[in-house]
$ cat entry-v8.pdb   # PDB, C-alpha atoms (C1' of nucleotides)
ATOM      1  CA  MET A  21       4.006 196.511 114.410
ATOM      2  CA  ALA A  22       3.868 193.094 112.884
ATOM      3  CA  THR A  23       6.932 191.880 111.071
ATOM      4  CA  LEU A  24       9.818 190.342 112.947
ATOM      5  CA  GLY A  25      13.424 190.105 111.886
ATOM      6  CA  GLU A  26      15.124 186.812 111.304
ATOM      7  CA  LEU A  27      16.785 186.556 114.677
ATOM      8  CA  GLU A  28      13.726 187.838 116.459
ATOM      9  CA  ARG A  29      11.690 185.149 114.791
ATOM     10  CA  ALA A  30      14.202 182.473 115.677
ATOM     11  CA  VAL A  31      14.021 183.548 119.306
ATOM     12  CA  MET A  32      10.242 183.548 119.270
ATOM     13  CA  ASP A  33      10.202 180.087 117.740
ATOM     14  CA  LEU A  34      12.341 178.786 120.556
ATOM     15  CA  LEU A  35      10.242 180.477 123.184
ATOM     16  CA  TRP A  36       7.125 179.051 121.638
ATOM     17  CA  GLU A  37       8.577 175.584 121.796
ATOM     18  CA  HIS A  38       9.353 176.000 125.482
ATOM     19  CA  ASP A  39       6.532 175.980 127.951
ATOM     20  CA  GLU A  40       8.795 177.036 130.769
ATOM     21  CA  ALA A  41      10.417 180.451 130.832
ATOM     22  CA  ILE A  42      14.125 180.244 130.012
ATOM     23  CA  THR A  43      17.206 182.397 130.394
ATOM     24  CA  ALA A  44      19.056 184.388 127.769
ATOM     25  CA  ASN A  45      22.012 182.069 128.097
ATOM     26  CA  ALA A  46      19.913 179.018 127.468
ATOM     27  CA  LEU A  47      18.467 180.737 124.443
ATOM     28  CA  ARG A  48      21.891 181.561 123.097
ATOM     29  CA  ASP A  49      22.859 177.914 123.383
ATOM     30  CA  LEU A  50      19.728 176.777 121.637
ATOM     31  CA  LEU A  51      20.243 179.332 118.916
ATOM     32  CA  SER A  52      23.765 178.129 118.272
ATOM     33  CA  GLN A  53      22.409 174.649 117.747
ATOM     34  CA  ARG A  54      20.227 175.496 114.822
ATOM     35  CA  PRO A  55      20.919 176.142 111.150
ATOM     36  CA  ALA A  56      20.821 179.903 111.103
ATOM     37  CA  GLY A  57      21.056 180.440 107.376
ATOM     38  CA  SER A  58      19.124 178.524 104.781
ATOM     39  CA  GLY A  59      22.267 176.505 104.166
ATOM     40  CA  ARG A  60      21.855 172.812 103.676
ATOM     41  CA  ASP A  61      24.312 171.335 106.173
ATOM     42  CA  GLY A  62      23.638 171.823 109.837
ATOM     43  CA  THR A  63      27.170 172.530 111.031
ATOM     44  CA  ASP A  64      26.415 176.207 110.916
ATOM     45  CA  THR A  65      26.671 177.239 114.553
ATOM     46  CA  LYS A  66      26.978 180.990 114.777
ATOM     47  CA  GLU A  67      27.553 181.431 118.515
ATOM     48  CA  LEU A  68      26.051 184.796 119.287
ATOM     49  CA  ALA A  69      27.040 187.068 122.150
ATOM     50  CA  VAL A  70      24.676 186.970 125.091
ATOM     51  CA  THR A  71      24.173 190.709 124.893
ATOM     52  CA  THR A  72      22.836 190.223 121.407
ATOM     53  CA  VAL A  73      20.222 187.830 122.656
ATOM     54  CA  LEU A  74      19.376 190.168 125.500
ATOM     55  CA  THR A  75      18.934 193.076 123.134
ATOM     56  CA  VAL A  76      16.600 191.075 120.960
ATOM     57  CA  LEU A  77      14.652 189.934 123.984
ATOM     58  CA  SER A  78      14.268 193.503 125.187
ATOM     59  CA  ARG A  79      12.969 194.558 121.814
ATOM     60  CA  LEU A  80      10.530 191.682 121.748
ATOM     61  CA  GLU A  81       9.427 192.651 125.227
ATOM     62  CA  LYS A  82       8.825 196.214 124.104
ATOM     63  CA  LYS A  83       6.772 194.829 121.239
ATOM     64  CA  GLY A  84       4.661 192.960 123.735
ATOM     65  CA  LEU A  85       5.575 189.510 122.481
ATOM     66  CA  VAL A  86       7.748 188.489 125.393
ATOM     67  CA  GLU A  87       7.637 188.950 129.121
ATOM     68  CA  ARG A  88      10.251 188.209 131.707
ATOM     69  CA  GLU A  89      10.499 187.300 135.337
ATOM     70  CA  ARG A  90      12.526 190.069 136.914
ATOM     71  CA  ASN A  91      12.451 188.826 140.471
ATOM     72  CA  ILE A  92      14.888 185.967 139.995
ATOM     73  CA  ARG A  93      18.405 186.782 139.036
ATOM     74  CA  PRO A  94      19.063 185.338 135.688
ATOM     75  CA  HIS A  95      15.850 186.712 134.265
ATOM     76  CA  ARG A  96      13.678 184.157 132.573
ATOM     77  CA  TYR A  97      11.787 184.887 129.405
ATOM     78  CA  ARG A  98       8.640 183.452 127.957
ATOM     79  CA  ALA A  99       6.336 184.191 125.054
ATOM     80  CA  VAL A 100       3.243 186.135 126.000
ATOM     81  CA  THR A 101       0.953 184.338 123.588
ATOM     82  CA  SER A 102       1.075 180.979 121.868
ATOM     83  CA  ARG A 103       2.360 180.836 118.348
ATOM     84  CA  ALA A 104      -1.049 179.843 117.088
ATOM     85  CA  ASP A 105      -2.624 182.855 118.755
ATOM     86  CA  HIS A 106       0.034 185.143 117.469
ATOM     87  CA  THR A 107      -0.230 183.873 113.930
ATOM     88  CA  ALA A 108      -3.994 184.050 113.949
ATOM     89  CA  GLU A 109      -3.764 187.608 115.191
ATOM     90  CA  LEU A 110      -1.385 188.481 112.404
ATOM     91  CA  MET A 111      -3.712 186.976 109.869
ATOM     92  CA  LEU A 112      -6.561 189.051 111.197
ATOM     93  CA  GLU A 113      -4.381 192.120 111.080
ATOM     94  CA  VAL A 114      -3.628 191.420 107.433
ATOM     95  CA  LEU A 115      -7.251 190.746 106.656
ATOM     96  CA  GLY A 116      -7.896 193.923 108.554
ATOM     97  CA  SER A 117     -10.694 196.264 107.754
ATOM     98  CA  ALA A 118     -10.596 195.592 104.060
ATOM     99  CA  PRO A 119     -13.845 196.621 102.399
ATOM    100  CA  ASP A 120     -13.750 193.276 100.639
ATOM    101  CA  ARG A 121     -13.170 190.886 103.485
ATOM    102  CA  GLU A 122     -15.442 188.268 102.024
ATOM    103  CA  ALA A 123     -13.634 188.323  98.695
ATOM    104  CA  VAL A 124     -10.370 187.863 100.537
ATOM    105  CA  LEU A 125     -11.759 184.971 102.515
ATOM    106  CA  ALA A 126     -12.982 183.391  99.313
ATOM    107  CA  ARG A 127      -9.500 183.500  97.769
ATOM    108  CA  PHE A 128      -8.036 182.287 100.990
ATOM    109  CA  ILE A 129     -10.312 179.307 101.314
ATOM    110  CA  GLY A 130      -9.629 178.372  97.735
ATOM    111  CA  THR A 131      -5.989 177.811  98.550
ATOM    112  CA  VAL A 132      -6.240 175.765 101.694
ATOM    113  CA  SER A 133      -5.589 172.058 101.438
ATOM    114  CA  ASP A 134      -8.469 169.599 101.358
ATOM    115  CA  GLY A 135      -7.688 168.261 104.761
ATOM    116  CA  GLU A 136      -7.672 171.699 106.241
ATOM    117  CA  ALA A 137     -10.885 172.563 104.485
ATOM    118  CA  ALA A 138     -12.426 169.591 106.233
ATOM    119  CA  THR A 139     -11.072 170.842 109.534
ATOM    120  CA  LEU A 140     -12.525 174.217 108.879
ATOM    121  CA  ARG A 141     -15.904 172.731 108.135
ATOM    122  CA  LYS A 142     -15.762 170.915 111.399
ATOM    123  CA  LEU A 143     -14.753 174.053 113.249
ATOM    124  CA  LEU A 144     -17.512 176.093 111.727
ATOM    125  CA  GLY A 145     -20.092 173.523 112.653
ATOM    126  CA  ARG A 146     -22.745 172.542 110.160
ATOM    127  CA  ASP A 147     -25.039 175.202 111.534
TER     128      ASP A 147
ATOM    129  CA  MET B   3       9.109 190.768 100.945
ATOM    130  CA  ALA B   4       5.652 191.457 102.250
ATOM    131  CA  THR B   5       5.204 194.598 104.275
ATOM    132  CA  LEU B   6       4.594 197.917 102.573
ATOM    133  CA  GLY B   7       5.308 201.377 103.879
ATOM    134  CA  GLU B   8       2.591 203.900 104.487
ATOM    135  CA  LEU B   9       2.920 205.747 101.214
ATOM    136  CA  GLU B  10       3.386 202.543  99.290
ATOM    137  CA  ARG B  11       0.173 201.240 100.725
ATOM    138  CA  ALA B  12      -1.674 204.452  99.947
ATOM    139  CA  VAL B  13      -0.552 204.177  96.343
ATOM    140  CA  MET B  14      -1.576 200.544  96.124
ATOM    141  CA  ASP B  15      -4.972 201.367  97.579
ATOM    142  CA  LEU B  16      -5.535 203.943  94.888
ATOM    143  CA  LEU B  17      -4.378 201.604  92.163
ATOM    144  CA  TRP B  18      -6.645 198.915  93.488
ATOM    145  CA  GLU B  19      -9.592 201.276  93.346
ATOM    146  CA  HIS B  20      -8.833 202.115  89.738
ATOM    147  CA  ASP B  21      -9.534 199.548  87.082
ATOM    148  CA  GLU B  22      -7.792 201.599  84.436
ATOM    149  CA  ALA B  23      -4.077 202.222  84.546
ATOM    150  CA  ILE B  24      -3.294 205.793  85.599
ATOM    151  CA  THR B  25      -0.359 208.175  85.448
ATOM    152  CA  ALA B  26       1.971 209.251  88.218
ATOM    153  CA  ASN B  27       0.575 212.750  88.045
ATOM    154  CA  ALA B  28      -2.964 211.551  88.477
ATOM    155  CA  LEU B  29      -1.829 209.515  91.436
ATOM    156  CA  ARG B  30      -0.130 212.480  92.999
ATOM    157  CA  ASP B  31      -3.355 214.449  92.724
ATOM    158  CA  LEU B  32      -5.379 211.661  94.241
ATOM    159  CA  LEU B  33      -2.882 211.297  97.039
ATOM    160  CA  SER B  34      -3.093 214.979  97.878
ATOM    161  CA  GLN B  35      -6.832 214.613  98.263
ATOM    162  CA  ARG B  36      -6.735 212.125 101.060
ATOM    163  CA  PRO B  37      -6.031 212.438 104.785
ATOM    164  CA  ALA B  38      -2.456 211.286 104.878
ATOM    165  CA  GLY B  39      -1.897 211.251 108.621
ATOM    166  CA  SER B  40      -4.276 209.927 111.206
ATOM    167  CA  GLY B  41      -5.243 213.518 111.921
ATOM    168  CA  ARG B  42      -8.892 214.165 112.494
ATOM    169  CA  ASP B  43      -9.628 217.010 110.092
ATOM    170  CA  GLY B  44      -9.387 216.352 106.393
ATOM    171  CA  THR B  45      -7.660 219.558 105.303
ATOM    172  CA  ASP B  46      -4.372 217.736 105.398
ATOM    173  CA  THR B  47      -3.234 217.860 101.786
ATOM    174  CA  LYS B  48       0.444 217.095 101.664
ATOM    175  CA  GLU B  49       1.134 217.736  97.956
ATOM    176  CA  LEU B  50       3.964 215.385  97.143
ATOM    177  CA  ALA B  51       6.516 215.856  94.377
ATOM    178  CA  VAL B  52       5.899 213.770  91.290
ATOM    179  CA  THR B  53       9.343 212.242  91.534
ATOM    180  CA  THR B  54       8.395 210.918  94.929
ATOM    181  CA  VAL B  55       5.412 209.139  93.483
ATOM    182  CA  LEU B  56       7.526 207.815  90.638
ATOM    183  CA  THR B  57      10.111 206.471  93.029
ATOM    184  CA  VAL B  58       7.475 204.665  95.009
ATOM    185  CA  LEU B  59       5.948 203.266  91.841
ATOM    186  CA  SER B  60       9.312 201.977  90.693
ATOM    187  CA  ARG B  61       9.844 200.258  93.987
ATOM    188  CA  LEU B  62       6.410 198.704  93.853
ATOM    189  CA  GLU B  63       7.161 197.560  90.324
ATOM    190  CA  LYS B  64      10.371 195.949  91.495
ATOM    191  CA  LYS B  65       8.366 194.189  94.182
ATOM    192  CA  GLY B  66       6.069 192.824  91.507
ATOM    193  CA  LEU B  67       2.975 194.579  92.754
ATOM    194  CA  VAL B  68       2.709 197.121  89.966
ATOM    195  CA  GLU B  69       3.268 197.083  86.255
ATOM    196  CA  ARG B  70       3.369 199.942  83.805
ATOM    197  CA  GLU B  71       2.700 200.651  80.181
ATOM    198  CA  ARG B  72       5.972 201.915  78.815
ATOM    199  CA  ASN B  73       4.899 202.394  75.207
ATOM    200  CA  ILE B  74       2.805 205.498  75.787
ATOM    201  CA  ARG B  75       4.520 208.577  77.000
ATOM    202  CA  PRO B  76       3.183 209.438  80.347
ATOM    203  CA  HIS B  77       3.566 205.892  81.588
ATOM    204  CA  ARG B  78       0.456 204.419  83.083
ATOM    205  CA  TYR B  79       0.525 202.221  86.140
ATOM    206  CA  ARG B  80      -1.772 199.509  87.359
ATOM    207  CA  ALA B  81      -1.817 196.939  90.139
ATOM    208  CA  VAL B  82      -0.762 193.469  89.030
ATOM    209  CA  THR B  83      -3.186 191.618  91.275
ATOM    210  CA  SER B  84      -6.452 192.565  92.910
ATOM    211  CA  ARG B  85      -6.390 193.650  96.498
ATOM    212  CA  ALA B  86      -8.337 190.571  97.534
ATOM    213  CA  ASP B  87      -5.787 188.310  95.862
ATOM    214  CA  HIS B  88      -2.920 190.197  97.371
ATOM    215  CA  THR B  89      -4.390 190.118 100.845
ATOM    216  CA  ALA B  90      -5.231 186.437 100.614
ATOM    217  CA  GLU B  91      -1.685 185.751  99.526
ATOM    218  CA  LEU B  92      -0.344 187.681 102.467
ATOM    219  CA  MET B  93      -2.558 185.743 104.824
ATOM    220  CA  LEU B  94      -1.245 182.498 103.421
ATOM    221  CA  GLU B  95       2.273 183.744 103.799
ATOM    222  CA  VAL B  96       1.594 184.511 107.432
ATOM    223  CA  LEU B  97      -0.056 181.171 107.990
ATOM    224  CA  GLY B  98       2.930 179.772 106.199
ATOM    225  CA  SER B  99       4.413 176.437 107.000
ATOM    226  CA  ALA B 100       3.570 176.581 110.647
ATOM    227  CA  PRO B 101       3.631 173.147 112.208
ATOM    228  CA  ASP B 102       0.328 174.019 113.818
ATOM    229  CA  ARG B 103      -1.648 175.318 110.890
ATOM    230  CA  GLU B 104      -4.836 173.775 112.126
ATOM    231  CA  ALA B 105      -4.524 175.374 115.520
ATOM    232  CA  VAL B 106      -3.991 178.700 113.840
ATOM    233  CA  LEU B 107      -7.029 178.215 111.671
ATOM    234  CA  ALA B 108      -9.047 177.330 114.727
ATOM    235  CA  ARG B 109      -8.113 180.598 116.446
ATOM    236  CA  PHE B 110      -8.705 182.460 113.275
ATOM    237  CA  ILE B 111     -12.153 181.065 112.697
ATOM    238  CA  GLY B 112     -13.057 181.832 116.262
ATOM    239  CA  THR B 113     -12.605 185.531 115.620
ATOM    240  CA  VAL B 114     -14.471 185.929 112.382
ATOM    241  CA  SER B 115     -17.908 187.515 112.533
ATOM    242  CA  ASP B 116     -21.012 185.367 112.357
ATOM    243  CA  GLY B 117     -21.915 186.619 108.927
ATOM    244  CA  GLU B 118     -18.496 185.808 107.624
ATOM    245  CA  ALA B 119     -18.605 182.397 109.230
ATOM    246  CA  ALA B 120     -21.760 181.762 107.266
ATOM    247  CA  THR B 121     -20.047 182.866 104.101
ATOM    248  CA  LEU B 122     -17.180 180.554 104.833
ATOM    249  CA  ARG B 123     -19.545 177.635 105.342
ATOM    250  CA  LYS B 124     -21.080 178.392 102.017
ATOM    251  CA  LEU B 125     -17.696 178.598 100.345
ATOM    252  CA  LEU B 126     -16.543 175.353 101.833
ATOM    253  CA  GLY B 127     -19.655 173.541 100.744
ATOM    254  CA  ARG B 128     -21.459 171.370 103.276
ATOM    255  CA  ASP B 129     -19.952 168.230 101.806
TER     256      ASP B 129
ATOM    257  C1'  DG C  27      17.226 219.411  63.483
ATOM    258  C1'  DT C  28      17.281 222.727  67.320
ATOM    259  C1'  DT C  29      14.965 224.395  71.353
ATOM    260  C1'  DG C  30      11.891 223.955  74.957
ATOM    261  C1'  DT C  31       8.965 221.293  77.921
ATOM    262  C1'  DA C  32       7.108 217.195  80.009
ATOM    263  C1'  DT C  33       8.652 212.799  81.871
ATOM    264  C1'  DT C  34      11.575 209.444  83.660
ATOM    265  C1'  DT C  35      15.755 207.781  85.822
ATOM    266  C1'  DC C  36      19.797 208.589  89.027
ATOM    267  C1'  DT C  37      21.525 209.877  93.030
ATOM    268  C1'  DA C  38      21.024 211.194  97.802
ATOM    269  C1'  DC C  39      19.795 211.770 102.350
ATOM    270  C1'  DA C  40      17.289 211.372 106.866
ATOM    271  C1'  DA C  41      14.799 208.307 109.866
ATOM    272  C1'  DG C  42      13.729 203.972 111.595
ATOM    273  C1'  DC C  43      14.352 198.881 112.227
ATOM    274  C1'  DC C  44      17.340 194.852 112.928
ATOM    275  C1'  DG C  45      21.659 192.190 113.854
ATOM    276  C1'  DT C  46      25.414 192.603 116.488
ATOM    277  C1'  DA C  47      28.072 193.509 120.429
ATOM    278  C1'  DG C  48      31.399 196.274 123.647
ATOM    279  C1'  DA C  49      31.309 199.397 127.799
ATOM    280  C1'  DA C  50      29.333 200.577 131.719
ATOM    281  C1'  DC C  51      26.418 199.586 135.461
ATOM    282  C1'  DA C  52      24.092 196.503 138.873
ATOM    283  C1'  DT C  53      23.690 192.453 141.729
ATOM    284  C1'  DC C  54      24.792 188.396 144.159
ATOM    285  C1'  DT C  55      28.353 185.261 146.731
ATOM    286  C1'  DG C  56      31.774 184.784 149.647
TER     287       DG C  56
ATOM    288  C1'  DC D  19      34.632 194.622 149.947
ATOM    289  C1'  DA D  20      36.186 191.856 145.691
ATOM    290  C1'  DG D  21      35.013 189.042 142.029
ATOM    291  C1'  DA D  22      31.822 186.906 139.102
ATOM    292  C1'  DT D  23      27.714 187.037 136.664
ATOM    293  C1'  DG D  24      23.984 189.284 134.631
ATOM    294  C1'  DT D  25      21.610 193.536 132.642
ATOM    295  C1'  DT D  26      21.261 197.978 130.484
ATOM    296  C1'  DC D  27      23.363 201.744 127.484
ATOM    297  C1'  DT D  28      25.321 203.115 123.640
ATOM    298  C1'  DA D  29      26.731 202.373 119.001
ATOM    299  C1'  DC D  30      27.326 201.137 114.415
ATOM    300  C1'  DG D  31      26.553 199.091 109.766
ATOM    301  C1'  DG D  32      23.117 197.576 106.569
ATOM    302  C1'  DC D  33      18.543 197.773 104.634
ATOM    303  C1'  DT D  34      13.937 199.884 103.828
ATOM    304  C1'  DT D  35      10.970 203.863 103.158
ATOM    305  C1'  DG D  36       9.669 208.778 102.445
ATOM    306  C1'  DT D  37      11.219 212.443 100.114
ATOM    307  C1'  DA D  38      12.967 214.963  96.303
ATOM    308  C1'  DG D  39      16.652 217.572  93.341
ATOM    309  C1'  DA D  40      19.769 216.827  89.238
ATOM    310  C1'  DA D  41      20.547 214.741  85.224
ATOM    311  C1'  DA D  42      19.119 212.324  81.261
ATOM    312  C1'  DT D  43      15.549 211.380  77.827
ATOM    313  C1'  DA D  44      11.678 211.883  74.714
ATOM    314  C1'  DC D  45       8.502 214.440  72.196
ATOM    315  C1'  DA D  46       6.262 218.843  70.057
ATOM    316  C1'  DA D  47       6.679 222.799  67.425
ATOM    317  C1'  DC D  48       9.125 225.592  64.861
TER     318       DC D  48
END
$ encode --input "entry-v8.pdb" --output "structure tokens"
Amino acid sequence: MATLGELERAVMDLLWEHDEAITANALRDLLSQRPAGSGRDGTDTKELAVTTVLTVLSRLEKKGLVERERNIRPHRYRAVTSRADHTAELMLEVLGSAPDREAVLARFIGTVSDGEAATLRKLLGRD
Amino acid sequence: MATLGELERAVMDLLWEHDEAITANALRDLLSQRPAGSGRDGTDTKELAVTTVLTVLSRLEKKGLVERERNIRPHRYRAVTSRADHTAELMLEVLGSAPDREAVLARFIGTVSDGEAATLRKLLGRD
DNA sequence: GTTGTATTTCTACAAGCCGTAGAACATCTG
DNA sequence: CAGATGTTCTACGGCTTGTAGAAATACAAC
């Protein structure tokens, strides 16, 4: 229940960037304005069908990542949680109930940048 | 390139528990001795075919998670990295190149247990 | 070296997920 | 009510995973 497809992720990214709930049409437009593939040049506008976007949104809704306003006519969609929350949740899910959580955390910490390590220290408080 | 299936994960778990490289047959036996489904009772021994285990091992090898000794006849398989390393890597992958890494870390830290927070402080050094 | 047996690789298929979208249905606006 | 606009149903192709039989390969003993 964790991994998203490429398009699903693209949609979530857009929703996360938008505070206000937006329509499927608006999303389709935004999607067409971004480099879909990993290609270098940015002229790569795919122009998806609106139904495609709607399908993806429905699936994301079923997954609990998106909710929509059904009262107004062109439904408006928004992300349920912030990206930071979502990502943190995913990380916890990965860390999971491993019997060696501390070992994992050790490896993890060892890879974080210095600046971030400092941030972490601050967040943890010096006890 | 990150998520494993249920059987794949079961195999990896066994390999991670074993320091020594083991054969597909041994793995099949070990697999049959564990509660496959989430069912309550433990009498749930599925008894897989060896070819099934071999297929899974090949796929895991292709994914770079497993390597095998080909010189001896019943090939022996072992995990390439420790579970802790693997998990930490996954966590980093999830954290990824988010533009809000620090925010994510903040949420993450907020959810870790007190004991683990202490461990983290220790790991980070009190600078 | 020929035969038999253990092992590995090939090939295959069903189920599920994701990208993609047309067809059909529903809902406003006049 | 008719037309336009928006939403849901249905569908399909591709890819991954669980599952395993068939075919090829390697080794042991004669």
$ resolve_selection --input "entry-v8.pdb" --expression "the PyMOL selection byres ((chain A) within 8 of (chain C))" --output "list in words"
Gly25, Leu27, Ala69, Thr71 and Thr72 of chain A
$ resolve_selection --input "entry-v8.pdb" --expression "the PyMOL selection byres ((chain D) within 9 of (chain A))" --output "PDB file with C-alpha atoms (C1' of nucleotides), in the frame of the given file"
ATOM      1  C1'  DT D  23      27.714 187.037 136.664  1.00  0.00           C
ATOM      2  C1'  DG D  24      23.984 189.284 134.631  1.00  0.00           C
ATOM      3  C1'  DT D  25      21.610 193.536 132.642  1.00  0.00           C
TER       4       DT D  25
END
$ interface_residues --input "entry-v8.pdb" --of "chain A" --to "chain B" --cutoff "6 Å" --atoms "all atoms listed in the file" --output "list in words"
Ala104, Ala108, Met111, Ala123, Val124, Arg127 and Phe128 of chain A
$ atom_distance --input "entry-v8.pdb" --atom1 "atom CA of Leu77 of chain A" --atom2 "atom C1' of DC30 of chain D"
19.4 Å
$ atom_distance --input "entry-v8.pdb" --atom1 "atom CA of Leu50 of chain B" --atom2 "atom CA of Leu29 of chain B"
10.0 Å
$ axis_aligned_box --input "entry-v8.pdb" --around "segment 29-39 of chain D" --padding-each-side "5 Å" --output "JSON"
{"center_x": 18.5, "center_y": 207.6, "center_z": 106.2, "size_x": 27.7, "size_y": 30.0, "size_z": 35.7}
$ atom_distance --input "entry-v8.pdb" --atom1 "atom CA of Lys83 of chain A" --atom2 "atom CA of Tyr97 of chain A"
13.8 Å
$ build_atoms --input "entry-v8.pdb" --residues "segment 54-61 of chain B" --atoms "all heavy atoms" --output "tab-separated table (two decimals), in the coordinates of the input"
chain	number	residue	atom	x	y	z
B	54	THR	N	8.63	211.79	93.78
B	54	THR	CA	8.40	210.92	94.93
B	54	THR	C	7.45	209.79	94.54
B	54	THR	O	7.73	208.60	94.79
B	54	THR	CB	7.77	211.72	96.08
B	54	THR	OG1	8.68	212.74	96.47
B	54	THR	CG2	7.50	210.82	97.26
B	55	VAL	N	6.38	210.16	93.90
B	55	VAL	CA	5.41	209.14	93.48
B	55	VAL	C	6.06	208.16	92.52
B	55	VAL	O	5.89	206.94	92.62
B	55	VAL	CB	4.18	209.79	92.83
B	55	VAL	CG1	3.20	208.73	92.37
B	55	VAL	CG2	3.52	210.75	93.80
B	56	LEU	N	6.86	208.68	91.61
B	56	LEU	CA	7.53	207.82	90.64
B	56	LEU	C	8.49	206.85	91.32
B	56	LEU	O	8.57	205.67	90.94
B	56	LEU	CB	8.28	208.67	89.61
B	56	LEU	CG	7.38	209.31	88.56
B	56	LEU	CD1	8.13	210.37	87.77
B	56	LEU	CD2	6.84	208.24	87.62
B	57	THR	N	9.20	207.35	92.31
B	57	THR	CA	10.11	206.47	93.03
B	57	THR	C	9.34	205.32	93.67
B	57	THR	O	9.71	204.15	93.54
B	57	THR	CB	10.86	207.24	94.13
B	57	THR	OG1	11.59	208.31	93.53
B	57	THR	CG2	11.81	206.33	94.86
B	58	VAL	N	8.27	205.69	94.34
B	58	VAL	CA	7.48	204.66	95.01
B	58	VAL	C	6.94	203.66	93.99
B	58	VAL	O	6.99	202.44	94.21
B	58	VAL	CB	6.32	205.31	95.79
B	58	VAL	CG1	5.34	204.26	96.26
B	58	VAL	CG2	6.87	206.09	96.97
B	59	LEU	N	6.48	204.17	92.86
B	59	LEU	CA	5.95	203.27	91.84
B	59	LEU	C	7.03	202.32	91.33
B	59	LEU	O	6.78	201.14	91.10
B	59	LEU	CB	5.35	204.08	90.70
B	59	LEU	CG	3.99	204.70	90.99
B	59	LEU	CD1	3.62	205.71	89.93
B	59	LEU	CD2	2.92	203.62	91.10
B	60	SER	N	8.22	202.84	91.15
B	60	SER	CA	9.31	201.98	90.69
B	60	SER	C	9.59	200.88	91.70
B	60	SER	O	9.76	199.71	91.35
B	60	SER	CB	10.58	202.80	90.48
B	60	SER	OG	10.44	203.63	89.36
B	61	ARG	N	9.59	201.27	92.96
B	61	ARG	CA	9.84	200.26	93.99
B	61	ARG	C	8.73	199.21	94.00
B	61	ARG	O	9.00	198.01	94.12
B	61	ARG	CB	9.95	200.94	95.35
B	61	ARG	CG	11.25	201.71	95.51
B	61	ARG	CD	11.28	202.50	96.80
B	61	ARG	NE	12.50	203.29	96.93
B	61	ARG	CZ	12.67	204.25	97.83
B	61	ARG	NH1	11.70	204.54	98.67
B	61	ARG	NH2	13.81	204.91	97.88
